[in-house]
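Engineer: Let me begin by handing over the structure; questions about it come next.
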Amino acid sequence: MKKLLSISLSLLLLIASLAFATEQADQQAHPSCSYCGMHRVAFAHSRMLIEYSDQSSVGTCSLHCAALEFAHSIDKVPAAIKVGDFNTQELIDAETATWVIGGDKPGVMTSRAKWAFADKAAAEQFVKTHGGTIVDFELAMKAAYEDMYKDTMMIRKKRQMKKMKQQQSSEESGHDMHQHGMGKQ
């Protein structure tokens with residue numbers, strides 16, 4: 001009995017590690033988003049993987065950046081479109097997933113969040129807790145394109161503010177170094 005339990009536990013650990021290794025393969029192949037540079041492991045719950053019929057693939061951090069990819073690669077035919085499940089972070093089929101638009105959770109690269117769920121009940125629970133509307137992939141994609149201009153402007157403003165803060169911080173540290181006799185002479 002003890003041996004059977006040990007074998008069962010070993011098999012379970014092996015299956016779990018294989019699932020983890022497979023799940024991480026897309027993040028190893030595409031560690032950062034092809035469009036915005038965001039780290040896809042940190043955004044495993046919203047990341048997307050687009051596999052094309054020519055055997056190429058592109059990894060993005062979100063539906064927003066996937067929409068950019070589709071617009072940019074209009075002549076390429078997607079063979080598979082995958083998205084991270086909001087809860088499990090496992091890649092699932094984006095076209096058959098249950099999507100939630102909106103709610104009180106901040107979106108990734110968008111002011112109107114778009115999340116995917118493998119299980120409709122999980123999406124319904126999310127809506128009960130956080131709000132939002134349940135839709136299919138086509139409506140989620142349409143929403144991504146509808147939000148594109150506003151989201152792009154929001155991203156530009158955030159990046160501009162970040163750049164200004166970095167410049168200000170750099171200037172302040174340079175000023176402090178000069179005051180303490182550490183500046184160029």
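Residues are referred to by chain and number: the chain letter is A, B, ... according to the order shown in the structure tokens, the number counts from 1 in that chain, and ligands are numbered separately from 1 in the order shown.
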Could you pull out the alpha helix (DSSP H) residues of segment 35-133 of chain A from DSSP and send them as a list in words?

Structural biologist: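 Written out, the alpha helix (DSSP H) residues of segment 35-133 of chain A are Leu63, His64, Cys65, Ala66, Ala67, Leu68, Glu69, Phe70, Ala71, His72, Lys120, Ala121, Ala122, Ala123, Glu124, Gln125, Phe126, Val127, Lys128, Thr129 and His130 of chain A.
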
Engineer: Go ahead and save the residues from that selection, with C-alpha atoms, as a PDB file, in the first residue's frame.

Structural biologist:
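The result, stored in out.pdb:
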```pdb
ATOM      1  CA  LEU A  63      -5.638  41.174 -25.981  1.00  0.00           C
ATOM      2  CA  HIS A  64      -4.735  44.812 -26.717  1.00  0.00           C
ATOM      3  CA  CYS A  65      -1.303  43.842 -28.042  1.00  0.00           C
ATOM      4  CA  ALA A  66      -2.724  40.763 -29.808  1.00  0.00           C
ATOM      5  CA  ALA A  67      -5.104  43.108 -31.667  1.00  0.00           C
ATOM      6  CA  LEU A  68      -2.059  45.133 -32.767  1.00  0.00           C
ATOM      7  CA  GLU A  69      -0.431  41.918 -33.990  1.00  0.00           C
ATOM      8  CA  PHE A  70      -3.500  40.900 -35.985  1.00  0.00           C
ATOM      9  CA  ALA A  71      -3.686  44.336 -37.625  1.00  0.00           C
ATOM     10  CA  HIS A  72       0.043  44.307 -38.366  1.00  0.00           C
ATOM     11  CA  LYS A 120     -18.091  29.787 -17.868  1.00  0.00           C
ATOM     12  CA  ALA A 121     -18.944  29.337 -14.171  1.00  0.00           C
ATOM     13  CA  ALA A 122     -15.636  30.981 -13.248  1.00  0.00           C
ATOM     14  CA  ALA A 123     -16.466  33.908 -15.541  1.00  0.00           C
ATOM     15  CA  GLU A 124     -19.911  34.202 -13.954  1.00  0.00           C
ATOM     16  CA  GLN A 125     -18.341  34.200 -10.476  1.00  0.00           C
ATOM     17  CA  PHE A 126     -15.893  36.905 -11.568  1.00  0.00           C
ATOM     18  CA  VAL A 127     -18.795  39.061 -12.804  1.00  0.00           C
ATOM     19  CA  LYS A 128     -20.647  38.576  -9.489  1.00  0.00           C
ATOM     20  CA  THR A 129     -17.577  39.679  -7.552  1.00  0.00           C
ATOM     21  CA  HIS A 130     -16.003  42.278  -9.832  1.00  0.00           C
TER      22      HIS A 130
END
```

Engineer: Taking 6 positions as the minimum chain separation for residues in the same chain, which residues sit within 7 Å of segment 40-49 of chain A when counting only C-alpha atoms? Answer as a ChimeraX atom specification.

Structural biologist: /A:27,31-33,57-63,66,81-87,89,115

Engineer: Choose the residue, out of A:Ser56, A:Gln28, A:Ser34, A:Ser169, that has the smallest atom-to-atom separation from Ala79 of chain A; count only C-alpha atoms.

Structural biologist: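 Of A:Ser56, A:Gln28, A:Ser34, A:Ser169, the one nearest Ala79 of chain A is A:Ser56, counting only C-alpha atoms.
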
Engineer: Considering only C-alpha atoms, can you say which of A:Val100, A:Met148, A:Ala143, A:Val108 comes closest to Gly131 of chain A?

Structural biologist: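 Checking each of A:Val100, A:Met148, A:Ala143, A:Val108 against Gly131 of chain A, counting only C-alpha atoms, the winner is A:Val100.
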
Engineer: Compare A:Lys114, A:Lys165, A:His39, A:Arg159 by their minimum atom-to-atom distance to Ala97 of chain A, counting only C-alpha atoms, and give me the closest one.

Structural biologist: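 Looking only at the distances to Ala97 of chain A, the closest residue turns out to be A:Lys114.
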